[in-house]
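Quick look at final06.cif (mmCIF, N, CA, C and O atoms):
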```cif
data_my_file
loop_
_atom_site.label_atom_id
_atom_site.label_comp_id
_atom_site.auth_asym_id
_atom_site.auth_seq_id
_atom_site.Cartn_x
_atom_site.Cartn_y
_atom_site.Cartn_z
N GLU X 1 0.83 -1.19 0.00
CA GLU X 1 0.00 0.00 0.00
C GLU X 1 0.87 1.25 0.00
O GLU X 1 0.55 2.22 -0.67
N ASP X 2 1.98 1.22 0.72
CA ASP X 2 2.86 2.39 0.76
C ASP X 2 3.36 2.76 -0.64
O ASP X 2 3.49 3.93 -0.97
N LEU X 3 3.62 1.76 -1.44
CA LEU X 3 4.15 2.01 -2.78
C LEU X 3 3.10 2.64 -3.69
O LEU X 3 3.41 3.55 -4.45
N ILE X 4 1.86 2.18 -3.61
CA ILE X 4 0.83 2.73 -4.50
C ILE X 4 0.22 4.01 -3.96
O ILE X 4 -0.34 4.79 -4.73
N ARG X 5 0.36 4.26 -2.67
CA ARG X 5 -0.19 5.49 -2.10
C ARG X 5 0.41 6.72 -2.78
O ARG X 5 -0.26 7.72 -2.98
N GLU X 6 1.66 6.63 -3.18
CA GLU X 6 2.33 7.74 -3.86
C GLU X 6 1.69 8.07 -5.21
O GLU X 6 1.83 9.17 -5.72
N LEU X 7 1.00 7.09 -5.79
CA LEU X 7 0.34 7.29 -7.08
C LEU X 7 -1.07 7.84 -6.96
O LEU X 7 -1.65 8.26 -7.97
N ALA X 8 -1.63 7.83 -5.78
CA ALA X 8 -3.02 8.22 -5.60
C ALA X 8 -3.31 9.63 -6.12
O ALA X 8 -4.23 9.82 -6.92
N GLU X 9 -2.55 10.59 -5.69
CA GLU X 9 -2.82 11.97 -6.12
C GLU X 9 -2.60 12.18 -7.61
O GLU X 9 -3.50 12.69 -8.29
N PRO X 10 -1.45 11.77 -8.18
CA PRO X 10 -1.28 11.98 -9.63
C PRO X 10 -2.34 11.28 -10.48
O PRO X 10 -2.69 11.76 -11.55
N LEU X 11 -2.86 10.16 -9.99
CA LEU X 11 -3.87 9.43 -10.74
C LEU X 11 -5.29 9.86 -10.38
O LEU X 11 -6.25 9.37 -10.97
N GLY X 12 -5.43 10.75 -9.40
CA GLY X 12 -6.75 11.22 -8.99
C GLY X 12 -7.55 10.19 -8.23
O GLY X 12 -8.77 10.17 -8.27
N LEU X 13 -6.86 9.31 -7.49
CA LEU X 13 -7.54 8.28 -6.72
C LEU X 13 -7.90 8.79 -5.34
O LEU X 13 -7.12 9.46 -4.68
N ASP X 14 -9.09 8.43 -4.89
CA ASP X 14 -9.54 8.80 -3.55
C ASP X 14 -9.09 7.81 -2.50
O ASP X 14 -9.00 8.14 -1.32
N LEU X 15 -8.83 6.58 -2.93
CA LEU X 15 -8.52 5.51 -1.99
C LEU X 15 -7.61 4.50 -2.66
O LEU X 15 -7.79 4.19 -3.83
N VAL X 16 -6.63 4.02 -1.94
CA VAL X 16 -5.81 2.90 -2.40
C VAL X 16 -5.84 1.82 -1.33
O VAL X 16 -5.91 2.11 -0.14
N VAL X 17 -5.83 0.59 -1.77
CA VAL X 17 -5.82 -0.55 -0.86
C VAL X 17 -4.77 -1.51 -1.37
O VAL X 17 -4.72 -1.83 -2.55
N GLY X 18 -3.92 -1.94 -0.48
CA GLY X 18 -2.88 -2.87 -0.88
C GLY X 18 -2.30 -3.57 0.33
O GLY X 18 -2.69 -3.32 1.47
N THR X 19 -1.37 -4.43 0.07
CA THR X 19 -0.68 -5.17 1.12
C THR X 19 0.34 -4.24 1.77
O THR X 19 1.12 -3.59 1.08
N ASP X 20 0.32 -4.17 3.10
CA ASP X 20 1.28 -3.35 3.83
C ASP X 20 2.59 -4.11 3.99
O ASP X 20 2.61 -5.28 4.37
N LEU X 21 3.68 -3.43 3.69
CA LEU X 21 5.00 -4.03 3.85
C LEU X 21 5.58 -3.66 5.21
O LEU X 21 5.37 -2.57 5.72
N ASP X 22 6.31 -4.57 5.79
CA ASP X 22 6.93 -4.37 7.09
C ASP X 22 8.15 -3.46 6.95
O ASP X 22 8.92 -3.58 5.99
N THR X 23 8.28 -2.55 7.89
CA THR X 23 9.46 -1.68 7.92
C THR X 23 10.06 -1.71 9.33
O THR X 23 9.37 -1.89 10.31
N ARG X 24 11.36 -1.52 9.40
CA ARG X 24 12.07 -1.38 10.66
C ARG X 24 12.93 -0.14 10.54
O ARG X 24 13.76 -0.05 9.62
N GLU X 25 12.67 0.82 11.41
CA GLU X 25 13.42 2.07 11.40
C GLU X 25 13.40 2.72 10.02
O GLU X 25 14.39 3.24 9.51
N GLY X 26 12.20 2.67 9.38
CA GLY X 26 12.02 3.31 8.08
C GLY X 26 12.57 2.56 6.89
O GLY X 26 12.56 3.06 5.77
N ILE X 27 13.03 1.33 7.09
CA ILE X 27 13.61 0.54 6.00
C ILE X 27 12.72 -0.69 5.76
O ILE X 27 12.35 -1.39 6.71
N LEU X 28 12.38 -0.93 4.50
CA LEU X 28 11.58 -2.11 4.17
C LEU X 28 12.36 -3.38 4.49
O LEU X 28 13.53 -3.49 4.15
N THR X 29 11.68 -4.33 5.15
CA THR X 29 12.34 -5.58 5.56
C THR X 29 12.22 -6.68 4.51
O THR X 29 12.92 -7.68 4.60
N GLY X 30 11.30 -6.51 3.57
CA GLY X 30 11.05 -7.57 2.59
C GLY X 30 9.95 -8.51 3.02
O GLY X 30 9.67 -9.49 2.34
N HIS X 31 9.31 -8.21 4.15
CA HIS X 31 8.23 -9.04 4.67
C HIS X 31 6.92 -8.27 4.63
O HIS X 31 6.91 -7.04 4.61
N VAL X 32 5.83 -9.00 4.66
CA VAL X 32 4.49 -8.41 4.70
C VAL X 32 4.14 -8.10 6.15
O VAL X 32 4.35 -8.94 7.04
N ALA X 33 3.62 -6.89 6.40
CA ALA X 33 3.29 -6.48 7.77
C ALA X 33 2.04 -7.19 8.28
O ALA X 33 2.00 -7.65 9.41
N ARG X 34 1.00 -7.22 7.48
CA ARG X 34 -0.23 -7.92 7.82
C ARG X 34 -0.59 -8.79 6.62
O ARG X 34 0.10 -8.78 5.63
N GLY X 35 -1.67 -9.51 6.68
CA GLY X 35 -2.05 -10.42 5.62
C GLY X 35 -1.91 -9.87 4.21
O GLY X 35 -2.21 -8.71 3.96
N HIS X 36 -1.47 -10.72 3.33
CA HIS X 36 -1.30 -10.37 1.92
C HIS X 36 -2.68 -10.31 1.26
O HIS X 36 -3.47 -11.23 1.38
N ILE X 37 -2.98 -9.21 0.58
CA ILE X 37 -4.28 -9.06 -0.09
C ILE X 37 -4.18 -9.72 -1.46
O ILE X 37 -3.72 -9.11 -2.42
N SER X 38 -4.61 -10.97 -1.51
CA SER X 38 -4.53 -11.76 -2.73
C SER X 38 -5.59 -12.85 -2.68
O SER X 38 -6.05 -13.22 -1.59
N GLY X 39 -5.96 -13.35 -3.84
CA GLY X 39 -6.91 -14.46 -3.89
C GLY X 39 -8.22 -14.12 -3.22
O GLY X 39 -8.82 -13.08 -3.46
N GLU X 40 -8.71 -15.02 -2.39
CA GLU X 40 -9.99 -14.82 -1.69
C GLU X 40 -9.93 -13.63 -0.74
O GLU X 40 -10.95 -12.98 -0.50
N THR X 41 -8.76 -13.33 -0.18
CA THR X 41 -8.63 -12.17 0.71
C THR X 41 -8.94 -10.88 -0.05
O THR X 41 -9.54 -9.96 0.50
N LYS X 42 -8.56 -10.83 -1.32
CA LYS X 42 -8.86 -9.65 -2.14
C LYS X 42 -10.38 -9.52 -2.32
O LYS X 42 -10.92 -8.42 -2.30
N VAL X 43 -11.07 -10.64 -2.48
CA VAL X 43 -12.53 -10.61 -2.61
C VAL X 43 -13.16 -10.12 -1.31
O VAL X 43 -14.06 -9.29 -1.32
N GLU X 44 -12.71 -10.64 -0.18
CA GLU X 44 -13.22 -10.20 1.12
C GLU X 44 -13.03 -8.70 1.31
O GLU X 44 -13.93 -8.00 1.77
N THR X 45 -11.86 -8.21 0.94
CA THR X 45 -11.57 -6.78 1.05
C THR X 45 -12.50 -5.98 0.14
O THR X 45 -13.04 -4.94 0.53
N ALA X 46 -12.70 -6.46 -1.08
CA ALA X 46 -13.60 -5.78 -2.02
C ALA X 46 -15.03 -5.75 -1.49
O ALA X 46 -15.73 -4.73 -1.61
N HIS X 47 -15.48 -6.84 -0.89
CA HIS X 47 -16.84 -6.88 -0.32
C HIS X 47 -16.96 -5.87 0.84
O HIS X 47 -17.99 -5.19 0.95
N LYS X 48 -15.94 -5.76 1.68
CA LYS X 48 -15.97 -4.79 2.77
C LYS X 48 -16.05 -3.37 2.22
O LYS X 48 -16.82 -2.54 2.73
N LEU X 49 -15.28 -3.08 1.19
CA LEU X 49 -15.32 -1.75 0.58
C LEU X 49 -16.68 -1.49 -0.05
O LEU X 49 -17.22 -0.38 0.05
N ALA X 50 -17.26 -2.49 -0.68
CA ALA X 50 -18.57 -2.34 -1.30
C ALA X 50 -19.63 -2.02 -0.26
O ALA X 50 -20.48 -1.14 -0.47
N ARG X 51 -19.57 -2.70 0.88
CA ARG X 51 -20.53 -2.40 1.95
C ARG X 51 -20.29 -1.00 2.50
O ARG X 51 -21.24 -0.24 2.70
N HIS X 52 -19.04 -0.66 2.75
CA HIS X 52 -18.71 0.65 3.33
C HIS X 52 -19.12 1.80 2.41
O HIS X 52 -19.66 2.80 2.87
N PHE X 53 -18.84 1.66 1.12
CA PHE X 53 -19.13 2.75 0.18
C PHE X 53 -20.45 2.55 -0.56
O PHE X 53 -20.78 3.33 -1.45
N ASP X 54 -21.19 1.52 -0.17
CA ASP X 54 -22.52 1.26 -0.70
C ASP X 54 -22.54 1.14 -2.23
O ASP X 54 -23.21 1.91 -2.92
N PHE X 55 -21.78 0.18 -2.75
CA PHE X 55 -21.86 -0.11 -4.17
C PHE X 55 -21.98 -1.62 -4.36
O PHE X 55 -21.66 -2.40 -3.47
N ASP X 56 -22.46 -2.00 -5.52
CA ASP X 56 -22.70 -3.40 -5.84
C ASP X 56 -21.47 -3.96 -6.55
O ASP X 56 -21.19 -3.59 -7.70
N LEU X 57 -20.74 -4.80 -5.88
CA LEU X 57 -19.52 -5.38 -6.45
C LEU X 57 -19.83 -6.13 -7.75
O LEU X 57 -19.05 -6.07 -8.70
N SER X 58 -20.97 -6.78 -7.81
CA SER X 58 -21.31 -7.55 -9.01
C SER X 58 -21.59 -6.66 -10.22
O SER X 58 -21.67 -7.14 -11.33
N ARG X 59 -21.73 -5.35 -10.00
CA ARG X 59 -21.93 -4.41 -11.11
C ARG X 59 -20.72 -3.51 -11.28
O ARG X 59 -20.83 -2.39 -11.77
N SER X 60 -19.56 -4.00 -10.90
CA SER X 60 -18.34 -3.21 -10.90
C SER X 60 -17.32 -3.76 -11.89
O SER X 60 -17.51 -4.83 -12.47
N SER X 61 -16.23 -3.03 -12.04
CA SER X 61 -15.09 -3.45 -12.86
C SER X 61 -13.96 -3.88 -11.93
O SER X 61 -13.87 -3.40 -10.80
N ALA X 62 -13.12 -4.76 -12.43
CA ALA X 62 -11.92 -5.14 -11.70
C ALA X 62 -10.83 -5.48 -12.71
O ALA X 62 -11.12 -5.94 -13.82
N TYR X 63 -9.61 -5.22 -12.32
CA TYR X 63 -8.45 -5.48 -13.15
C TYR X 63 -7.53 -6.41 -12.39
O TYR X 63 -7.34 -6.26 -11.19
N GLY X 64 -6.95 -7.37 -13.09
CA GLY X 64 -6.03 -8.29 -12.43
C GLY X 64 -4.94 -8.71 -13.39
O GLY X 64 -5.12 -8.67 -14.62
N ASN X 65 -3.82 -9.11 -12.82
CA ASN X 65 -2.70 -9.55 -13.66
C ASN X 65 -2.21 -10.96 -13.30
O ASN X 65 -1.38 -11.51 -14.00
N ALA X 66 -2.71 -11.51 -12.22
CA ALA X 66 -2.22 -12.81 -11.76
C ALA X 66 -3.40 -13.78 -11.61
O ALA X 66 -4.54 -13.37 -11.38
N TYR X 67 -3.10 -15.06 -11.74
CA TYR X 67 -4.13 -16.09 -11.64
C TYR X 67 -4.89 -15.99 -10.32
O TYR X 67 -6.10 -16.27 -10.27
N ALA X 68 -4.23 -15.56 -9.26
CA ALA X 68 -4.91 -15.39 -7.96
C ALA X 68 -6.02 -14.35 -8.03
O ALA X 68 -6.94 -14.37 -7.21
N ASP X 69 -5.98 -13.46 -9.02
CA ASP X 69 -7.01 -12.44 -9.18
C ASP X 69 -8.30 -13.00 -9.76
O ASP X 69 -9.32 -12.30 -9.82
N ARG X 70 -8.30 -14.26 -10.17
CA ARG X 70 -9.48 -14.86 -10.79
C ARG X 70 -10.69 -14.83 -9.86
O ARG X 70 -11.83 -14.73 -10.32
N PHE X 71 -10.45 -14.90 -8.57
CA PHE X 71 -11.56 -14.89 -7.61
C PHE X 71 -12.32 -13.57 -7.68
O PHE X 71 -13.55 -13.56 -7.73
N LEU X 72 -11.60 -12.46 -7.67
CA LEU X 72 -12.24 -11.15 -7.76
C LEU X 72 -12.81 -10.93 -9.16
O LEU X 72 -13.94 -10.46 -9.31
N LEU X 73 -12.06 -11.25 -10.18
CA LEU X 73 -12.52 -11.02 -11.55
C LEU X 73 -13.81 -11.77 -11.84
O LEU X 73 -14.67 -11.28 -12.59
N SER X 74 -13.99 -12.93 -11.23
CA SER X 74 -15.20 -13.71 -11.49
C SER X 74 -16.43 -13.15 -10.76
O SER X 74 -17.54 -13.60 -11.02
N ARG X 75 -16.24 -12.17 -9.89
CA ARG X 75 -17.36 -11.63 -9.12
C ARG X 75 -17.82 -10.26 -9.60
O ARG X 75 -18.68 -9.66 -8.97
N VAL X 76 -17.23 -9.75 -10.65
CA VAL X 76 -17.62 -8.44 -11.17
C VAL X 76 -18.19 -8.59 -12.57
O VAL X 76 -17.97 -9.60 -13.25
N SER X 77 -18.90 -7.55 -13.02
CA SER X 77 -19.50 -7.63 -14.36
C SER X 77 -18.53 -7.23 -15.46
O SER X 77 -18.75 -7.57 -16.62
N ARG X 78 -17.47 -6.51 -15.11
CA ARG X 78 -16.50 -6.08 -16.11
C ARG X 78 -15.08 -6.44 -15.68
O ARG X 78 -14.31 -5.58 -15.28
N PRO X 79 -14.71 -7.71 -15.79
CA PRO X 79 -13.34 -8.13 -15.45
C PRO X 79 -12.39 -7.85 -16.61
O PRO X 79 -12.78 -8.00 -17.78
N VAL X 80 -11.18 -7.43 -16.30
CA VAL X 80 -10.17 -7.18 -17.32
C VAL X 80 -8.84 -7.75 -16.84
O VAL X 80 -8.40 -7.44 -15.73
N ALA X 81 -8.21 -8.56 -17.67
CA ALA X 81 -6.88 -9.09 -17.36
C ALA X 81 -5.86 -8.15 -18.01
O ALA X 81 -5.92 -7.89 -19.21
N VAL X 82 -4.96 -7.60 -17.20
CA VAL X 82 -3.97 -6.64 -17.68
C VAL X 82 -2.57 -7.23 -17.49
O VAL X 82 -2.19 -7.59 -16.38
N ASN X 83 -1.84 -7.35 -18.60
CA ASN X 83 -0.52 -7.99 -18.56
C ASN X 83 -0.58 -9.28 -17.73
O ASN X 83 0.21 -9.47 -16.80
N PRO X 84 -1.53 -10.16 -18.08
CA PRO X 84 -1.75 -11.33 -17.22
C PRO X 84 -0.66 -12.38 -17.32
O PRO X 84 0.00 -12.50 -18.36
N ASP X 85 -0.51 -13.12 -16.21
CA ASP X 85 0.36 -14.30 -16.28
C ASP X 85 -0.34 -15.32 -17.18
O ASP X 85 -1.51 -15.14 -17.56
N GLU X 86 0.36 -16.36 -17.56
CA GLU X 86 -0.15 -17.29 -18.56
C GLU X 86 -1.47 -17.95 -18.14
O GLU X 86 -2.39 -18.10 -18.94
N ARG X 87 -1.57 -18.37 -16.89
CA ARG X 87 -2.80 -19.04 -16.44
C ARG X 87 -3.99 -18.09 -16.46
O ARG X 87 -5.09 -18.48 -16.86
N LEU X 88 -3.78 -16.83 -16.04
CA LEU X 88 -4.89 -15.88 -16.07
C LEU X 88 -5.25 -15.55 -17.52
O LEU X 88 -6.43 -15.42 -17.85
N ARG X 89 -4.26 -15.43 -18.39
CA ARG X 89 -4.55 -15.17 -19.81
C ARG X 89 -5.45 -16.27 -20.38
O ARG X 89 -6.45 -15.98 -21.04
N LYS X 90 -5.12 -17.52 -20.12
CA LYS X 90 -5.92 -18.63 -20.64
C LYS X 90 -7.34 -18.60 -20.07
O LYS X 90 -8.31 -18.82 -20.80
N LEU X 91 -7.45 -18.33 -18.78
CA LEU X 91 -8.77 -18.25 -18.16
C LEU X 91 -9.57 -17.09 -18.75
O LEU X 91 -10.74 -17.26 -19.11
N ALA X 92 -8.94 -15.93 -18.88
CA ALA X 92 -9.63 -14.76 -19.43
C ALA X 92 -10.13 -15.04 -20.84
O ALA X 92 -11.28 -14.72 -21.18
N GLU X 93 -9.28 -15.66 -21.64
CA GLU X 93 -9.69 -15.98 -23.01
C GLU X 93 -10.86 -16.96 -23.02
O GLU X 93 -11.80 -16.81 -23.79
N SER X 94 -10.82 -17.95 -22.13
CA SER X 94 -11.91 -18.93 -22.08
C SER X 94 -13.22 -18.33 -21.58
O SER X 94 -14.30 -18.77 -21.95
N GLN X 95 -13.11 -17.28 -20.74
CA GLN X 95 -14.29 -16.61 -20.19
C GLN X 95 -14.78 -15.45 -21.05
O GLN X 95 -15.81 -14.86 -20.77
N GLY X 96 -13.98 -15.08 -22.04
CA GLY X 96 -14.33 -13.95 -22.89
C GLY X 96 -14.05 -12.60 -22.25
O GLY X 96 -14.63 -11.59 -22.65
N TRP X 97 -13.16 -12.59 -21.25
CA TRP X 97 -12.79 -11.33 -20.60
C TRP X 97 -11.77 -10.60 -21.47
O TRP X 97 -10.91 -11.24 -22.09
N PRO X 98 -11.83 -9.28 -21.49
CA PRO X 98 -10.80 -8.53 -22.23
C PRO X 98 -9.41 -8.79 -21.64
O PRO X 98 -9.26 -8.96 -20.43
N VAL X 99 -8.41 -8.83 -22.52
CA VAL X 99 -7.02 -8.99 -22.11
C VAL X 99 -6.26 -7.82 -22.69
O VAL X 99 -6.27 -7.59 -23.90
N LEU X 100 -5.62 -7.03 -21.83
CA LEU X 100 -4.84 -5.88 -22.25
C LEU X 100 -3.37 -6.13 -21.93
O LEU X 100 -3.04 -6.63 -20.86
N SER X 101 -2.50 -5.77 -22.88
CA SER X 101 -1.07 -5.93 -22.66
C SER X 101 -0.37 -4.62 -22.95
O SER X 101 -0.64 -3.98 -23.98
N TYR X 102 0.51 -4.22 -22.05
CA TYR X 102 1.24 -2.96 -22.18
C TYR X 102 2.72 -3.20 -21.96
O TYR X 102 3.11 -4.08 -21.20
N GLY X 103 3.53 -2.36 -22.55
CA GLY X 103 4.97 -2.34 -22.28
C GLY X 103 5.69 -3.62 -22.63
O GLY X 103 6.65 -3.97 -21.97
N GLY X 104 5.23 -4.32 -23.63
CA GLY X 104 5.92 -5.52 -24.05
C GLY X 104 5.64 -6.73 -23.18
O GLY X 104 6.18 -7.79 -23.38
N ALA X 105 4.78 -6.56 -22.15
CA ALA X 105 4.45 -7.72 -21.30
C ALA X 105 3.57 -8.67 -22.08
O ALA X 105 2.88 -8.29 -23.02
N SER X 106 3.61 -9.93 -21.71
CA SER X 106 2.82 -10.94 -22.44
C SER X 106 1.34 -10.76 -22.23
O SER X 106 0.85 -10.21 -21.33
#
```
Written as structure tokens, how would this file's structure read?
Amino acid sequence: EDLIRELAEPLGLDLVVGTDLDTREGILTGHVARGHISGETKVETAHKLARHFDFDLSRSSAYGNAYADRFLLSRVSRPVAVNPDERLRKLAESQGWPVLSYGGAS
């Protein structure tokens, strides 16, 4: 979350949610501070945000790049795979989800 928080203002984002990294004396340790937001945990987090901000997750968009994102992508009406890993690319293609690739990524 610390890494993406810096992008919030330039991108015009009101909120960022991500995995918190552990720091000691202001230096990143390479470890996760609290649970990693991935897979089903990402879905749980999205549901909490939907309740808090009163929106319907099933009528929302989501973007993912890793196979673990399939859980969230399958719960929204507009899933998009962006620079996906191979397994997510195959799943997206089989589901008819848009696949976007940027910067030479597969």
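Selection by the PyMOL selection byres ((chain X and resi 60) around 7) on the present file picks out Asp56, Leu57, Ser58, Arg59, Ser61, Ala62, Arg75, Val76, Ser77, Arg78 and Pro79 of chain X.
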>> Give me, as an NGL selection string, all polymer residues having an atom no more than 8 Å from segment 90-93 of chain X, counting only N, CA, C and O atoms and skipping those fewer than 6 positions away in the same chain.
In response: :X and (79-81 or 84 or 99)
>> Between X:Gly96, X:Asp22, X:Val16, X:Phe71, which residue has the minimum interatomic distance to Lys42 of chain X, considering all atoms listed in the file?
In response: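 Closest to Lys42 of chain X, using all atoms listed in the file: X:Phe71.
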Once 3 Å is added on each side, what are the centre and the three edge lengths, in Å to one decimal, of the axis-aligned box enclosing the listed atoms of segment 22-40 of chain X? Present them as AutoDock Vina command-line options.
```
--center_x 1.7 --center_y -5.9 --center_z 3.8 --size_x 31.3 --size_y 24.3 --size_z 21.3
```
>> Show me the residues close to (6.6, -8.8, 6.7) - anything with an atom within 4.5 Å, counting only N, CA, C and O atoms - and format the list as number ranges by chain.
In response: X: 22, 31-33
May I have the selected residues written with N, CA, C and O atoms, as an mmCIF file, in the coordinates of the input?
```cif
data_model
loop_
_atom_site.group_PDB
_atom_site.id
_atom_site.type_symbol
_atom_site.label_atom_id
_atom_site.label_comp_id
_atom_site.auth_asym_id
_atom_site.auth_seq_id
_atom_site.Cartn_x
_atom_site.Cartn_y
_atom_site.Cartn_z
ATOM 1 N N ASP X 22 6.310 -4.570 5.790
ATOM 2 C CA ASP X 22 6.930 -4.370 7.090
ATOM 3 C C ASP X 22 8.150 -3.460 6.950
ATOM 4 O O ASP X 22 8.920 -3.580 5.990
ATOM 5 N N HIS X 31 9.310 -8.210 4.150
ATOM 6 C CA HIS X 31 8.230 -9.040 4.670
ATOM 7 C C HIS X 31 6.920 -8.270 4.630
ATOM 8 O O HIS X 31 6.910 -7.040 4.610
ATOM 9 N N VAL X 32 5.830 -9.000 4.660
ATOM 10 C CA VAL X 32 4.490 -8.410 4.700
ATOM 11 C C VAL X 32 4.140 -8.100 6.150
ATOM 12 O O VAL X 32 4.350 -8.940 7.040
ATOM 13 N N ALA X 33 3.620 -6.890 6.400
ATOM 14 C CA ALA X 33 3.290 -6.480 7.770
ATOM 15 C C ALA X 33 2.040 -7.190 8.280
ATOM 16 O O ALA X 33 2.000 -7.650 9.410
#
```
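From atom N of Asn83 of chain X back to atom N of Leu100 of chain X, the distance works out to 5.0 Å.
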Per-residue DSSP, segment 7-104 of chain X, filtered to strand (DSSP E), as a compact mmCIF listing (two decimals) with N, CA, C and O atoms, keeping the file's coordinate frame:
```txt
# COMPACT_ATOMS: atom_id res chain seq x y z
N LEU X 21 3.68 -3.43 3.69
CA LEU X 21 5.00 -4.03 3.85
C LEU X 21 5.58 -3.66 5.21
O LEU X 21 5.37 -2.57 5.72
N ASP X 22 6.31 -4.57 5.79
CA ASP X 22 6.93 -4.37 7.09
C ASP X 22 8.15 -3.46 6.95
O ASP X 22 8.92 -3.58 5.99
N THR X 23 8.28 -2.55 7.89
CA THR X 23 9.46 -1.68 7.92
C THR X 23 10.06 -1.71 9.33
O THR X 23 9.37 -1.89 10.31
N ARG X 24 11.36 -1.52 9.40
CA ARG X 24 12.07 -1.38 10.66
C ARG X 24 12.93 -0.14 10.54
O ARG X 24 13.76 -0.05 9.62
N ILE X 27 13.03 1.33 7.09
CA ILE X 27 13.61 0.54 6.00
C ILE X 27 12.72 -0.69 5.76
O ILE X 27 12.35 -1.39 6.71
N LEU X 28 12.38 -0.93 4.50
CA LEU X 28 11.58 -2.11 4.17
C LEU X 28 12.36 -3.38 4.49
O LEU X 28 13.53 -3.49 4.15
N THR X 29 11.68 -4.33 5.15
CA THR X 29 12.34 -5.58 5.56
C THR X 29 12.22 -6.68 4.51
O THR X 29 12.92 -7.68 4.60
N GLY X 30 11.30 -6.51 3.57
CA GLY X 30 11.05 -7.57 2.59
C GLY X 30 9.95 -8.51 3.02
O GLY X 30 9.67 -9.49 2.34
N HIS X 31 9.31 -8.21 4.15
CA HIS X 31 8.23 -9.04 4.67
C HIS X 31 6.92 -8.27 4.63
O HIS X 31 6.91 -7.04 4.61
N VAL X 32 5.83 -9.00 4.66
CA VAL X 32 4.49 -8.41 4.70
C VAL X 32 4.14 -8.10 6.15
O VAL X 32 4.35 -8.94 7.04
N SER X 61 -16.23 -3.03 -12.04
CA SER X 61 -15.09 -3.45 -12.86
C SER X 61 -13.96 -3.88 -11.93
O SER X 61 -13.87 -3.40 -10.80
N ALA X 62 -13.12 -4.76 -12.43
CA ALA X 62 -11.92 -5.14 -11.70
C ALA X 62 -10.83 -5.48 -12.71
O ALA X 62 -11.12 -5.94 -13.82
N TYR X 63 -9.61 -5.22 -12.32
CA TYR X 63 -8.45 -5.48 -13.15
C TYR X 63 -7.53 -6.41 -12.39
O TYR X 63 -7.34 -6.26 -11.19
N GLY X 64 -6.95 -7.37 -13.09
CA GLY X 64 -6.03 -8.29 -12.43
C GLY X 64 -4.94 -8.71 -13.39
O GLY X 64 -5.12 -8.67 -14.62
N ARG X 78 -17.47 -6.51 -15.11
CA ARG X 78 -16.50 -6.08 -16.11
C ARG X 78 -15.08 -6.44 -15.68
O ARG X 78 -14.31 -5.58 -15.28
N PRO X 79 -14.71 -7.71 -15.79
CA PRO X 79 -13.34 -8.13 -15.45
C PRO X 79 -12.39 -7.85 -16.61
O PRO X 79 -12.78 -8.00 -17.78
N VAL X 80 -11.18 -7.43 -16.30
CA VAL X 80 -10.17 -7.18 -17.32
C VAL X 80 -8.84 -7.75 -16.84
O VAL X 80 -8.40 -7.44 -15.73
N ALA X 81 -8.21 -8.56 -17.67
CA ALA X 81 -6.88 -9.09 -17.36
C ALA X 81 -5.86 -8.15 -18.01
O ALA X 81 -5.92 -7.89 -19.21
N VAL X 82 -4.96 -7.60 -17.20
CA VAL X 82 -3.97 -6.64 -17.68
C VAL X 82 -2.57 -7.23 -17.49
O VAL X 82 -2.19 -7.59 -16.38
N VAL X 99 -8.41 -8.83 -22.52
CA VAL X 99 -7.02 -8.99 -22.11
C VAL X 99 -6.26 -7.82 -22.69
O VAL X 99 -6.27 -7.59 -23.90
N LEU X 100 -5.62 -7.03 -21.83
CA LEU X 100 -4.84 -5.88 -22.25
C LEU X 100 -3.37 -6.13 -21.93
O LEU X 100 -3.04 -6.63 -20.86
```
> Separation of atom C of Gly64 of chain X and atom CA of Leu88 of chain X, in Å?
Replying inline: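 The value is 7.7 Å.
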> So how many Å separate atom CA of Tyr102 of chain X and atom CA of Tyr63 of chain X, to one decimal?
Replying inline: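 Here the two named atoms are 13.5 Å from each other.
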